[in-house]
$ cat protein_6.cif   # mmCIF, C-alpha atoms and all ligand atoms
data_structure
loop_
_atom_site.label_atom_id
_atom_site.label_comp_id
_atom_site.auth_asym_id
_atom_site.auth_seq_id
_atom_site.Cartn_x
_atom_site.Cartn_y
_atom_site.Cartn_z
CA MET I 1 -22.49 26.05 -4.16
CA LYS I 2 -23.01 22.44 -5.25
CA ILE I 3 -21.18 19.45 -3.80
CA SER I 4 -21.33 15.74 -4.66
CA TYR I 5 -22.82 13.77 -1.77
CA TYR I 6 -22.61 10.11 -0.75
CA PRO I 7 -25.51 9.29 1.62
CA GLY I 8 -24.93 5.56 2.24
CA CYS I 9 -27.54 2.91 2.85
CA THR I 10 -28.35 3.58 6.51
CA LEU I 11 -29.20 7.23 5.85
CA LYS I 12 -31.80 6.06 3.36
CA THR I 13 -33.42 3.73 5.89
CA LYS I 14 -33.01 3.72 9.68
CA ALA I 15 -31.15 7.04 9.85
CA LYS I 16 -33.34 9.08 7.49
CA GLU I 17 -33.49 11.97 9.93
CA LEU I 18 -29.71 12.38 9.67
CA ASP I 19 -29.90 12.72 5.89
CA VAL I 20 -33.04 14.87 5.79
CA THR I 21 -31.96 17.40 8.42
CA ALA I 22 -28.48 17.63 6.90
CA ARG I 23 -29.86 18.48 3.47
CA LEU I 24 -32.30 21.08 4.84
CA CYS I 25 -29.58 22.78 6.87
CA ALA I 26 -27.07 22.76 4.02
CA LYS I 27 -29.66 24.38 1.78
CA ALA I 28 -30.36 27.06 4.38
CA LEU I 29 -26.61 27.70 4.54
CA GLY I 30 -26.23 27.97 0.77
CA VAL I 31 -24.84 24.51 0.00
CA GLU I 32 -26.63 22.14 -2.35
CA MET I 33 -25.88 18.48 -1.68
CA GLU I 34 -26.09 16.64 -4.97
CA GLU I 35 -26.52 12.92 -4.39
CA ILE I 36 -24.22 10.98 -6.71
CA GLU I 37 -25.82 8.56 -9.16
CA ASN I 38 -25.92 4.81 -8.63
CA TRP I 39 -23.93 4.77 -5.43
CA GLN I 40 -23.61 1.43 -3.65
CA CYS I 41 -23.13 0.61 0.01
CA CYS I 42 -19.53 1.24 0.99
CA GLY I 43 -19.43 -1.87 3.20
CA ALA I 44 -19.48 0.03 6.52
CA VAL I 45 -16.07 -1.17 7.70
CA TYR I 46 -12.72 -0.47 6.08
CA PRO I 47 -11.12 -3.79 5.06
CA MET I 48 -7.60 -3.78 6.49
CA GLY I 49 -6.37 -6.98 4.83
CA THR I 50 -3.83 -6.01 2.18
CA ASP I 51 -5.37 -8.36 -0.39
CA GLU I 52 -8.87 -6.84 -0.08
CA ILE I 53 -9.77 -5.18 -3.38
CA ALA I 54 -13.34 -6.09 -4.34
CA THR I 55 -14.60 -4.82 -0.96
CA LYS I 56 -13.19 -1.37 -1.76
CA LEU I 57 -14.58 -0.94 -5.26
CA SER I 58 -17.86 0.73 -4.35
CA ALA I 59 -15.96 3.45 -2.50
CA VAL I 60 -13.63 3.89 -5.48
CA ARG I 61 -16.60 4.17 -7.86
CA ALA I 62 -18.14 6.90 -5.71
CA LEU I 63 -14.81 8.71 -5.49
CA ASP I 64 -14.31 8.54 -9.24
CA HIS I 65 -17.80 9.88 -9.86
CA ALA I 66 -17.12 12.83 -7.55
CA LYS I 67 -13.79 13.44 -9.30
CA HIS I 68 -15.74 14.28 -12.46
CA ASN I 69 -18.42 16.20 -10.57
CA GLY I 70 -16.77 18.99 -8.67
CA GLY I 71 -13.78 17.13 -7.24
CA LYS I 72 -15.13 16.85 -3.70
CA LEU I 73 -17.15 14.06 -2.07
CA LEU I 74 -19.28 14.96 0.93
CA THR I 75 -19.98 12.25 3.50
CA LEU I 76 -22.19 12.31 6.59
CA CYS I 77 -22.31 8.83 8.21
CA SER I 78 -19.06 8.42 10.20
CA ALA I 79 -18.65 4.89 8.89
CA CYS I 80 -18.99 5.85 5.23
CA HIS I 81 -16.55 8.68 5.85
CA ASN I 82 -14.00 6.32 7.41
CA VAL I 83 -14.27 3.71 4.64
CA ILE I 84 -14.22 6.21 1.78
CA LYS I 85 -11.42 8.34 3.15
CA ARG I 86 -9.17 5.38 3.95
CA THR I 87 -9.86 3.80 0.57
CA ASN I 88 -9.02 7.10 -1.08
CA GLU I 89 -5.70 7.13 0.76
CA ASP I 90 -4.97 3.62 -0.59
CA MET I 91 -5.72 4.81 -4.10
CA LYS I 92 -3.36 7.72 -3.61
CA THR I 93 -0.46 5.97 -1.90
CA ASN I 94 -0.63 2.21 -2.45
CA ASP I 95 0.55 1.24 -5.96
CA ASP I 96 -0.60 -2.36 -5.63
CA ILE I 97 -4.17 -1.52 -4.56
CA ARG I 98 -4.45 1.28 -7.12
CA LEU I 99 -3.32 -0.97 -9.94
CA ARG I 100 -5.59 -3.85 -9.01
CA ALA I 101 -8.66 -1.68 -8.34
CA ASN I 102 -8.22 0.08 -11.68
CA ASN I 103 -7.81 -3.25 -13.44
CA TYR I 104 -11.23 -4.24 -12.13
CA LEU I 105 -12.98 -0.98 -12.86
CA LYS I 106 -11.60 -0.16 -16.33
CA LEU I 107 -12.49 3.51 -16.02
CA ASP I 108 -11.88 5.86 -18.95
CA GLU I 109 -9.04 7.32 -16.93
CA PRO I 110 -7.50 5.47 -13.95
CA TYR I 111 -8.49 6.76 -10.52
CA GLY I 112 -5.57 7.79 -8.30
CA GLY I 113 -7.07 9.40 -5.22
CA GLU I 114 -7.73 12.82 -6.80
CA THR I 115 -11.04 13.47 -5.01
CA GLU I 116 -11.13 15.37 -1.73
CA VAL I 117 -13.27 13.56 0.86
CA LEU I 118 -15.08 15.98 3.12
CA HIS I 119 -17.20 15.14 6.14
CA TYR I 120 -20.30 17.30 6.71
CA LEU I 121 -18.74 18.69 9.89
CA GLU I 122 -15.63 19.69 7.95
CA MET I 123 -17.90 21.31 5.38
CA LEU I 124 -19.62 23.31 8.14
CA LYS I 125 -16.29 24.40 9.56
CA ASN I 126 -14.20 25.02 6.45
CA VAL I 127 -16.68 25.79 3.67
CA VAL I 128 -19.57 27.51 5.46
CA GLY I 129 -17.71 28.66 8.59
CA PHE I 130 -18.93 28.45 12.20
CA ASP I 131 -19.23 32.27 12.32
CA THR I 132 -21.71 32.20 9.44
CA ILE I 133 -23.68 29.48 11.22
CA LYS I 134 -23.72 31.52 14.41
CA LYS I 135 -25.28 34.44 12.52
CA ALA I 136 -27.88 32.17 10.92
CA VAL I 137 -29.13 30.74 14.24
CA VAL I 138 -32.71 31.74 15.11
CA ASN I 139 -33.35 29.33 18.02
CA PRO I 140 -30.14 28.99 20.05
CA VAL I 141 -29.92 25.44 21.42
CA ASN I 142 -29.33 26.65 24.93
CA ARG I 143 -28.46 23.31 26.58
CA LYS I 144 -25.47 21.42 27.92
CA ILE I 145 -24.45 19.06 25.14
CA GLY I 146 -21.84 16.32 25.05
CA ALA I 147 -20.14 15.64 21.71
CA TYR I 148 -19.67 11.94 21.03
CA TYR I 149 -16.89 11.44 18.49
CA GLY I 150 -16.53 7.67 18.76
CA CYS I 151 -13.71 6.25 16.67
CA LEU I 152 -14.49 6.42 13.00
CA LEU I 153 -14.17 10.16 12.50
CA LEU I 154 -10.86 10.38 14.34
CA ARG I 155 -8.86 7.23 13.76
CA PRO I 156 -6.46 6.38 12.32
CA SER I 157 -5.58 10.06 12.63
CA GLY I 158 -2.72 9.88 10.13
CA VAL I 159 -5.25 9.19 7.38
CA MET I 160 -8.44 10.75 8.76
CA ALA I 161 -6.75 14.09 9.65
CA PHE I 162 -10.11 15.11 11.09
CA ASP I 163 -9.05 16.60 14.41
CA ASN I 164 -6.70 15.93 17.32
CA PRO I 165 -7.52 12.24 18.03
CA GLU I 166 -6.99 12.56 21.79
CA ASN I 167 -8.47 16.01 22.32
CA PRO I 168 -10.81 16.89 19.45
CA THR I 169 -12.67 20.22 19.38
CA ILE I 170 -14.66 20.45 16.14
CA ILE I 171 -17.98 19.22 17.55
CA GLU I 172 -17.58 21.41 20.65
CA ASP I 173 -17.03 24.40 18.33
CA PHE I 174 -20.13 23.35 16.43
CA ILE I 175 -22.14 23.22 19.67
CA ARG I 176 -21.00 26.75 20.55
CA ALA I 177 -21.97 27.98 17.07
CA ILE I 178 -25.57 26.78 17.53
CA GLY I 179 -25.82 28.44 20.93
CA GLY I 180 -25.19 25.44 23.20
CA THR I 181 -22.69 24.79 25.96
CA PRO I 182 -20.30 21.94 25.10
CA VAL I 183 -19.57 19.45 27.86
CA VAL I 184 -16.15 17.82 27.58
CA TYR I 185 -16.04 14.32 29.08
CA PRO I 186 -13.33 11.64 29.09
CA PHE I 187 -15.09 8.93 27.07
CA ARG I 188 -16.12 11.05 24.09
CA ASN I 189 -13.57 9.41 21.78
CA GLU I 190 -13.88 5.89 23.19
CA CYS I 191 -15.61 3.21 21.12
CA CYS I 192 -19.30 2.49 21.80
CA GLY I 193 -18.85 -1.22 21.11
CA ALA I 194 -19.28 -1.10 17.34
CA TYR I 195 -20.53 -4.21 15.54
CA VAL I 196 -19.77 -6.89 18.14
CA SER I 197 -23.32 -7.18 19.48
CA PHE I 198 -23.95 -10.32 17.39
CA LYS I 199 -20.95 -12.04 18.97
CA ASN I 200 -20.87 -10.49 22.44
CA GLY I 201 -23.86 -8.37 23.39
CA GLU I 202 -22.40 -7.48 26.78
CA LEU I 203 -19.49 -5.55 25.31
CA PRO I 204 -21.48 -2.76 23.55
CA LYS I 205 -23.71 -2.58 26.62
CA GLN I 206 -20.78 -1.89 28.92
CA LYS I 207 -19.03 0.46 26.52
CA SER I 208 -22.15 2.49 25.74
CA ARG I 209 -23.08 2.86 29.38
CA LYS I 210 -19.57 4.04 30.18
CA VAL I 211 -19.77 6.72 27.50
CA LEU I 212 -23.16 8.03 28.62
CA THR I 213 -22.37 7.84 32.34
CA SER I 214 -19.16 9.77 31.71
CA ALA I 215 -21.09 12.48 29.81
CA LYS I 216 -23.78 12.67 32.47
CA GLU I 217 -21.28 12.97 35.31
CA LYS I 218 -19.73 15.97 33.60
CA GLY I 219 -23.14 17.61 33.36
CA ALA I 220 -24.34 16.87 29.83
CA GLU I 221 -28.11 16.89 29.26
CA GLU I 222 -27.86 15.18 25.90
CA VAL I 223 -25.29 13.67 23.56
CA ILE I 224 -24.87 14.16 19.81
CA THR I 225 -23.26 11.92 17.20
CA ALA I 226 -22.75 11.60 13.44
CA CYS I 227 -22.90 7.81 13.39
CA PRO I 228 -26.08 5.67 13.14
CA LEU I 229 -24.36 2.75 14.86
CA CYS I 230 -23.17 4.95 17.73
CA LEU I 231 -26.72 6.27 18.07
CA TYR I 232 -28.13 2.76 18.13
CA ASN I 233 -25.59 1.41 20.60
CA LEU I 234 -25.94 4.38 22.92
CA GLN I 235 -29.74 4.43 22.76
CA VAL I 236 -30.47 0.73 22.96
CA ASN I 237 -27.65 -0.35 25.25
CA GLY I 238 -27.40 2.91 27.16
CA GLU I 239 -30.90 2.40 28.50
CA GLY I 240 -31.78 6.07 28.37
CA ILE I 241 -29.07 7.42 30.66
CA LEU I 242 -29.12 10.47 28.36
CA PRO I 243 -30.99 11.30 25.13
CA VAL I 244 -28.84 10.80 22.01
CA ARG I 245 -29.46 12.59 18.73
CA TYR I 246 -27.80 13.35 15.43
CA PHE I 247 -25.88 16.62 15.40
CA THR I 248 -27.83 17.70 12.32
CA GLU I 249 -31.12 17.49 14.23
CA LEU I 250 -29.81 20.15 16.62
CA LEU I 251 -28.52 22.22 13.70
CA ALA I 252 -31.99 22.12 12.12
CA GLU I 253 -33.51 23.16 15.42
CA ALA I 254 -31.09 26.08 15.74
CA LEU I 255 -31.56 27.23 12.15
CA GLY I 256 -35.33 26.85 12.44
CA VAL I 257 -35.58 24.69 9.32
CA LYS I 258 -38.30 22.06 8.95
CA GLU I 259 -39.47 19.88 6.13
CA MET G 260 1.53 -24.91 2.83
CA THR G 261 4.55 -24.96 5.13
CA LYS G 262 4.40 -23.24 8.48
CA GLU G 263 6.86 -20.58 7.24
CA GLU G 264 4.57 -19.81 4.32
CA ARG G 265 1.56 -19.51 6.61
CA ILE G 266 3.46 -17.12 8.88
CA GLU G 267 4.58 -15.13 5.85
CA ASN G 268 0.98 -14.97 4.59
CA LEU G 269 -0.30 -13.58 7.89
CA ASN G 270 2.44 -10.95 7.92
CA ARG G 271 1.65 -9.94 4.36
CA LEU G 272 -2.11 -9.80 4.96
CA SER G 273 -1.66 -7.58 8.01
CA GLY G 274 0.53 -5.13 6.12
CA THR G 275 2.27 -4.14 9.35
CA ASP G 276 5.84 -4.82 10.48
CA VAL G 277 5.51 -6.67 13.79
CA ARG G 278 9.29 -6.78 14.25
CA LYS G 279 9.26 -3.07 15.07
CA CYS G 280 7.35 -3.76 18.32
CA MET G 281 9.29 -2.83 21.47
CA LYS G 282 6.85 -4.58 23.84
CA CYS G 283 5.71 -1.48 25.70
CA GLY G 284 2.12 -2.69 26.00
CA LYS G 285 0.56 0.70 25.22
CA CYS G 286 -1.72 -0.86 22.63
CA SER G 287 -3.23 -3.23 25.19
CA GLY G 288 -3.38 -0.46 27.79
CA ARG G 289 -5.64 1.58 25.51
CA CYS G 290 -7.76 -1.29 24.14
CA PRO G 291 -11.45 -0.90 25.10
CA ALA G 292 -12.03 -4.63 24.60
CA PHE G 293 -9.03 -5.67 26.72
CA GLU G 294 -10.99 -7.63 29.33
CA ASP G 295 -12.80 -9.60 26.63
CA MET G 296 -9.63 -10.66 24.87
CA ASP G 297 -8.06 -14.03 25.66
CA ILE G 298 -5.03 -12.94 23.65
CA LYS G 299 -4.26 -9.25 24.16
CA PRO G 300 -3.39 -6.85 21.32
CA HIS G 301 0.34 -6.72 22.20
CA GLN G 302 0.36 -10.53 22.31
CA PHE G 303 -1.07 -10.72 18.78
CA VAL G 304 2.00 -8.77 17.71
CA SER G 305 4.54 -10.74 19.73
CA MET G 306 3.02 -14.14 18.91
CA LEU G 307 3.10 -13.39 15.21
CA THR G 308 6.75 -12.32 15.58
CA LYS G 309 7.47 -15.67 17.21
CA GLY G 310 5.42 -17.57 14.65
CA LYS G 311 2.86 -18.91 17.14
CA ILE G 312 0.09 -18.80 14.61
CA ASP G 313 -1.84 -21.93 15.55
CA GLU G 314 -2.61 -20.38 18.94
CA LEU G 315 -3.59 -17.11 17.26
CA LEU G 316 -6.00 -18.88 14.91
CA GLU G 317 -7.73 -20.40 17.95
CA SER G 318 -8.19 -17.07 19.72
CA LYS G 319 -11.58 -15.77 20.82
CA ALA G 320 -10.29 -12.18 20.82
CA ILE G 321 -10.78 -11.90 17.06
CA TRP G 322 -14.55 -11.75 17.69
CA ASN G 323 -14.27 -9.00 20.30
CA CYS G 324 -11.88 -6.55 18.64
CA LEU G 325 -13.86 -3.41 17.74
CA SER G 326 -11.51 -2.17 14.98
CA CYS G 327 -11.54 1.10 16.90
CA MET G 328 -7.90 1.82 15.99
CA ALA G 329 -7.06 3.03 19.48
CA CYS G 330 -4.11 0.61 19.62
CA VAL G 331 -2.79 1.85 16.28
CA GLU G 332 -3.10 5.44 17.45
CA ARG G 333 -1.10 4.77 20.61
CA CYS G 334 1.71 2.62 19.27
CA PRO G 335 4.97 4.56 19.46
CA ARG G 336 6.60 2.26 16.91
CA GLY G 337 4.09 2.55 14.09
CA VAL G 338 2.87 -1.03 14.46
CA ALA G 339 -0.82 -1.75 13.81
CA PRO G 340 -2.01 -4.44 16.26
CA ALA G 341 -5.57 -4.03 14.89
CA ALA G 342 -4.30 -5.10 11.47
CA VAL G 343 -2.77 -8.27 12.96
CA VAL G 344 -6.08 -9.09 14.67
CA GLU G 345 -7.89 -8.49 11.37
CA ALA G 346 -5.41 -10.63 9.43
CA VAL G 347 -5.99 -13.50 11.86
CA ARG G 348 -9.78 -13.06 11.71
CA ASP G 349 -9.72 -12.89 7.89
CA THR G 350 -7.64 -16.05 7.80
CA VAL G 351 -10.10 -17.86 10.07
CA VAL G 352 -13.33 -16.79 8.35
CA ARG G 353 -11.92 -17.60 4.93
CA MET G 354 -11.68 -21.26 5.99
CA GLN G 355 -14.54 -23.57 5.10
CA GLY G 356 -17.21 -23.54 7.81
CA LYS G 357 -15.47 -20.99 10.02
CA ASN G 358 -17.73 -17.99 9.58
CA GLY G 359 -18.25 -16.09 12.81
CA ILE G 360 -21.99 -15.65 12.43
CA LYS G 361 -24.61 -17.71 10.66
CA ALA G 362 -27.51 -16.12 8.80
CA GLU G 363 -30.05 -18.04 10.89
CA GLU G 364 -28.66 -16.53 14.09
CA ILE G 365 -29.58 -13.00 12.99
CA PRO G 366 -33.43 -12.83 12.97
CA PRO G 367 -33.91 -13.70 16.65
CA ILE G 368 -31.61 -10.92 17.84
CA ILE G 369 -32.78 -8.25 15.45
CA ASP G 370 -34.84 -5.37 16.80
CA GLU G 371 -36.72 -2.64 14.98
CA TYR G 372 -33.98 -0.06 15.55
CA ILE G 373 -30.98 -1.95 14.18
CA PRO G 374 -29.26 0.19 11.56
CA GLN G 375 -28.28 -1.46 8.27
CA GLN G 376 -24.77 -0.34 9.12
CA LEU G 377 -24.62 -2.85 11.99
CA LEU G 378 -25.70 -5.77 9.82
CA VAL G 379 -23.32 -4.84 7.03
CA SER G 380 -20.38 -4.30 9.42
CA ALA G 381 -20.94 -7.53 11.30
CA TYR G 382 -21.21 -9.50 8.06
CA ARG G 383 -18.09 -7.93 6.64
CA LYS G 384 -16.13 -8.62 9.82
CA TYR G 385 -17.36 -12.08 10.68
CA ASN G 386 -18.27 -13.74 7.37
CA LYS G 387 -16.74 -14.45 4.01
S1 LIG I 401 -21.33 2.75 6.15
FE1 LIG I 401 -23.24 2.37 6.55
S2 LIG I 401 -24.42 3.75 5.81
FE2 LIG I 401 -22.46 3.93 5.00
S3 LIG I 401 -23.01 2.90 3.12
FE3 LIG I 401 -22.06 1.70 4.34
S4 LIG I 401 -23.33 0.53 5.53
FE4 LIG I 401 -24.27 1.98 4.50
S1 LIG I 402 -18.05 4.49 18.38
FE1 LIG I 402 -18.90 2.74 17.64
S2 LIG I 402 -20.20 3.01 15.96
FE2 LIG I 402 -19.26 4.81 16.54
S3 LIG I 402 -17.50 5.01 15.50
FE3 LIG I 402 -16.77 3.68 17.09
S4 LIG I 402 -17.34 1.83 16.49
FE4 LIG I 402 -18.39 3.09 15.23
S1 LIG I 403 -8.71 -2.08 17.32
FE1 LIG I 403 -9.19 -3.92 18.45
S2 LIG I 403 -7.29 -4.47 19.44
FE2 LIG I 403 -7.07 -2.36 18.80
S3 LIG I 403 -7.69 -1.17 20.54
FE3 LIG I 403 -9.50 -1.41 19.29
S4 LIG I 403 -10.50 -3.21 20.08
FE4 LIG I 403 -8.43 -3.23 20.89
S1 LIG I 404 2.09 -0.29 21.40
FE1 LIG I 404 3.28 -0.92 19.61
S2 LIG I 404 5.33 -1.20 20.39
FE2 LIG I 404 3.99 -1.15 22.17
S3 LIG I 404 3.49 -3.30 22.51
FE3 LIG I 404 1.89 -2.50 21.23
S4 LIG I 404 2.58 -2.96 19.16
FE4 LIG I 404 4.35 -3.18 20.48
#
$ encode --input "protein_6.cif" --output "structure tokens" --more "lines below"
Ligand code: SF4
Ligand code: SF4
Ligand code: SF4
Ligand code: SF4
Amino acid sequence: MKISYYPGCTLKTKAKELDVTARLCAKALGVEMEEIENWQCCGAVYPMGTDEIATKLSAVRALDHAKHNGGKLLTLCSACHNVIKRTNEDMKTNDDIRLRANNYLKLDEPYGGETEVLHYLEMLKNVVGFDTIKKAVVNPVNRKIGAYYGCLLLRPSGVMAFDNPENPTIIEDFIRAIGGTPVVYPFRNECCGAYVSFKNGELPKQKSRKVLTSAKEKGAEEVITACPLCLYNLQVNGEGILPVRYFTELLAEALGVKE
Amino acid sequence: MTKEERIENLNRLSGTDVRKCMKCGKCSGRCPAFEDMDIKPHQFVSMLTKGKIDELLESKAIWNCLSCMACVERCPRGVAPAAVVEAVRDTVVRMQGKNGIKAEEIPPIIDEYIPQQLLVSAYRKYNK
């Protein structure tokens, strides 16, 4: 099965291993990720201001491309997923934004939120199935692993509809499927400190340490994430309290796939 | 622009109805940046309701909000404090000379691991 894929700029640069391992694993599981043509950076943060239109256009372009190429758009970076899914919701439900974005884009047919935005984890769960993954595992990742959700996958839950925002389970189910033991800890859905390091470097330091200390206290040996900024904040500010990796790196390990 | 028009603009930009707030404080209780905010999330909502926008535009909290949406998630009245904070920040950075970061401040603090995502996010949030 083929699915249109939006990689985003960070997965082409500092987070290459997230992109590469995800593609290899998808292939091993029978899914071909087809990178959409001429995608542009989504902007990394969803613009909340009601008059923001130009900042949403790259997401709309990607969504419209996917609409004509299978109807689904696969995302992997948590930030891209958040921006694209929330923008899609605007295009579906906000007449003013839809009208103004379409006026800019002059597409052959106006875009109205028709594409289904799917995060890679949702693809694993709902398209491939965790049972299928379990059967495909050759090297069970037999470790205690803490899932770090952060914010972007979960909130705002009314739009993201990813999982229960206070007590999510999808990454824990993923960890079980690859043979690991999930460690549930209180700070797994608390923000790592996001983008504020340029204004207030202390804040991400404190937040990241809290997340990792919380995971360690509950017995985690490592933490996994889907977000390059989470990984950076936790690694750089967390000062090695625990190793942090992309969830797809562990999937590749479990499936025994290498480049 | 009259003060009423400026208040109306902020309300419109935020897209949230601050009058629905019942002052329970749950948003501030859940805010991970609470200690770093001179004006707390629930105060952004109540001060906009009261029209105290000059104080809001002077706030330092706009640089510390993480847009994590925890406050929005917790609000029992469907208010979005994060959207009020963003509306205030947008209003500030759209003014001449009020950008939150300057390009020349970036190179000294950059390290070899910084993901593009961080640079793009910070620029989108703090500059216009
Ligand atoms: S969110 Fe990040 S990775 Fe995704 S496109 Fe935008 S900046 Fe790039
Ligand atoms: S935890 Fe941090 S980087 Fe991750 S989603 Fe929240 S803000 Fe983003
Ligand atoms: S979005 Fe901002 S104000 Fe709301 S909880 Fe997060 S940091 Fe606090
Ligand atoms: S949680 Fe909602 S109702 Fe309660 S103080 Fe905050 S904005 Fe007001």
$ residues_around --input "protein_6.cif" --residues "G:Glu332" --least-positions-apart "2" --cutoff "9 Å" --atoms "only C-alpha atoms" --output "PyMOL selection string"
(chain I and resi 155-158+165) or (chain G and resi 286+328-330+334-335+337+339)
$ interface_residues --input "protein_6.cif" --of "chain I" --to "chain G" --cutoff "10 Å" --atoms "only C-alpha atoms" --output "VMD selection string"
chain I and resid 8 to 15 41 to 52 55 77 79 to 80 150 to 152 154 to 158 165 to 166 189 to 204 207 227 to 233 235 to 236
$ write_last_selection --input "protein_6.cif" --atoms "C-alpha atoms" --output "compact mmCIF listing (two decimals), in the coordinates of the input"
# COMPACT_ATOMS: atom_id res chain seq x y z
CA GLY I 8 -24.93 5.56 2.24
CA CYS I 9 -27.54 2.91 2.85
CA THR I 10 -28.35 3.58 6.51
CA LEU I 11 -29.20 7.23 5.85
CA LYS I 12 -31.80 6.06 3.36
CA THR I 13 -33.42 3.73 5.89
CA LYS I 14 -33.01 3.72 9.68
CA ALA I 15 -31.15 7.04 9.85
CA CYS I 41 -23.13 0.61 0.01
CA CYS I 42 -19.53 1.24 0.99
CA GLY I 43 -19.43 -1.87 3.20
CA ALA I 44 -19.48 0.03 6.52
CA VAL I 45 -16.07 -1.17 7.70
CA TYR I 46 -12.72 -0.47 6.08
CA PRO I 47 -11.12 -3.79 5.06
CA MET I 48 -7.60 -3.78 6.49
CA GLY I 49 -6.37 -6.98 4.83
CA THR I 50 -3.83 -6.01 2.18
CA ASP I 51 -5.37 -8.36 -0.39
CA GLU I 52 -8.87 -6.84 -0.08
CA THR I 55 -14.60 -4.82 -0.96
CA CYS I 77 -22.31 8.83 8.21
CA ALA I 79 -18.65 4.89 8.89
CA CYS I 80 -18.99 5.85 5.23
CA GLY I 150 -16.53 7.67 18.76
CA CYS I 151 -13.71 6.25 16.67
CA LEU I 152 -14.49 6.42 13.00
CA LEU I 154 -10.86 10.38 14.34
CA ARG I 155 -8.86 7.23 13.76
CA PRO I 156 -6.46 6.38 12.32
CA SER I 157 -5.58 10.06 12.63
CA GLY I 158 -2.72 9.88 10.13
CA PRO I 165 -7.52 12.24 18.03
CA GLU I 166 -6.99 12.56 21.79
CA ASN I 189 -13.57 9.41 21.78
CA GLU I 190 -13.88 5.89 23.19
CA CYS I 191 -15.61 3.21 21.12
CA CYS I 192 -19.30 2.49 21.80
CA GLY I 193 -18.85 -1.22 21.11
CA ALA I 194 -19.28 -1.10 17.34
CA TYR I 195 -20.53 -4.21 15.54
CA VAL I 196 -19.77 -6.89 18.14
CA SER I 197 -23.32 -7.18 19.48
CA PHE I 198 -23.95 -10.32 17.39
CA LYS I 199 -20.95 -12.04 18.97
CA ASN I 200 -20.87 -10.49 22.44
CA GLY I 201 -23.86 -8.37 23.39
CA GLU I 202 -22.40 -7.48 26.78
CA LEU I 203 -19.49 -5.55 25.31
CA PRO I 204 -21.48 -2.76 23.55
CA LYS I 207 -19.03 0.46 26.52
CA CYS I 227 -22.90 7.81 13.39
CA PRO I 228 -26.08 5.67 13.14
CA LEU I 229 -24.36 2.75 14.86
CA CYS I 230 -23.17 4.95 17.73
CA LEU I 231 -26.72 6.27 18.07
CA TYR I 232 -28.13 2.76 18.13
CA ASN I 233 -25.59 1.41 20.60
CA GLN I 235 -29.74 4.43 22.76
CA VAL I 236 -30.47 0.73 22.96
$ atom_distance --input "protein_6.cif" --atom1 "atom CA of I:Asp173" --atom2 "atom CA of I:Glu217"
20.9 Å
$ atom_distance --input "protein_6.cif" --atom1 "atom CA of I:Arg143" --atom2 "atom CA of I:Gly179"
8.1 Å
$ axis_aligned_box --input "protein_6.cif" --around "ligand LIG 403 (chain I)" --padding-each-side "8 Å" --output "JSON"
{"center_x": -8.8, "center_y": -2.8, "center_z": 19.1, "size_x": 19.4, "size_y": 19.3, "size_z": 19.6}
$ atom_distance --input "protein_6.cif" --atom1 "atom CA of I:Lys144" --atom2 "atom CA of I:Tyr185"
11.9 Å
$ residues_around --input "protein_6.cif" --residues "I:Met160" --least-positions-apart "6" --cutoff "10 Å" --atoms "only C-alpha atoms" --output "mmCIF file with C-alpha atoms, in the coordinates of the input"
data_model
loop_
_atom_site.group_PDB
_atom_site.id
_atom_site.type_symbol
_atom_site.label_atom_id
_atom_site.label_comp_id
_atom_site.auth_asym_id
_atom_site.auth_seq_id
_atom_site.Cartn_x
_atom_site.Cartn_y
_atom_site.Cartn_z
ATOM 1 C CA HIS I 81 -16.550 8.680 5.850
ATOM 2 C CA ASN I 82 -14.000 6.320 7.410
ATOM 3 C CA LYS I 85 -11.420 8.340 3.150
ATOM 4 C CA ARG I 86 -9.170 5.380 3.950
ATOM 5 C CA GLU I 89 -5.700 7.130 0.760
ATOM 6 C CA VAL I 117 -13.270 13.560 0.860
ATOM 7 C CA LEU I 152 -14.490 6.420 13.000
ATOM 8 C CA LEU I 153 -14.170 10.160 12.500
ATOM 9 C CA LEU I 154 -10.860 10.380 14.340
#
$ closest_atom_pairs --input "protein_6.cif" --of "stretch 217-250 of chain I" --to "stretch 120-141 of chain I" --cutoff "10 Å" --atoms "all atoms listed in the file" --output "JSON lines"
{"residue": "I:Ala226", "atom": "CA", "partner": "I:Leu121", "partner_atom": "CA", "distance": 8.9}
{"residue": "I:Phe247", "atom": "CA", "partner": "I:Leu121", "partner_atom": "CA", "distance": 9.3}
{"residue": "I:Thr248", "atom": "CA", "partner": "I:Tyr120", "partner_atom": "CA", "distance": 9.4}
{"residue": "I:Leu250", "atom": "CA", "partner": "I:Val141", "partner_atom": "CA", "distance": 7.1}
$ closest_residue --input "protein_6.cif" --among "I:Asn103, I:His119, I:Ser78, I:Lys258" --to "ligand LIG 402 (chain I)" --atoms "only C-alpha atoms and all ligand atoms"
I:Ser78
$ residues_around --input "protein_6.cif" --residues "I:Cys25" --least-positions-apart "2" --cutoff "8 Å" --atoms "all atoms listed in the file" --output "list in words"
Thr21, Ala22, Arg23, Lys27, Ala28, Leu29, Thr248, Leu251, Ala252, Leu255 and Val257 of chain I
$ closest_residue --input "protein_6.cif" --among "I:Asp64, I:Glu34, I:Asp96, I:Glu221" --to "I:Thr115" --atoms "all atoms listed in the file"
I:Asp64
$ residues_around --input "protein_6.cif" --residues "G:Val277" --least-positions-apart "4" --cutoff "7 Å" --atoms "all atoms listed in the file" --output "PDB file with C-alpha atoms, keeping the file's coordinate frame"
ATOM      1  CA  VAL G 304       2.000  -8.770  17.710  1.00  0.00           C
ATOM      2  CA  THR G 308       6.750 -12.320  15.580  1.00  0.00           C
ATOM      3  CA  VAL G 338       2.870  -1.030  14.460  1.00  0.00           C
TER       4      VAL G 338
END
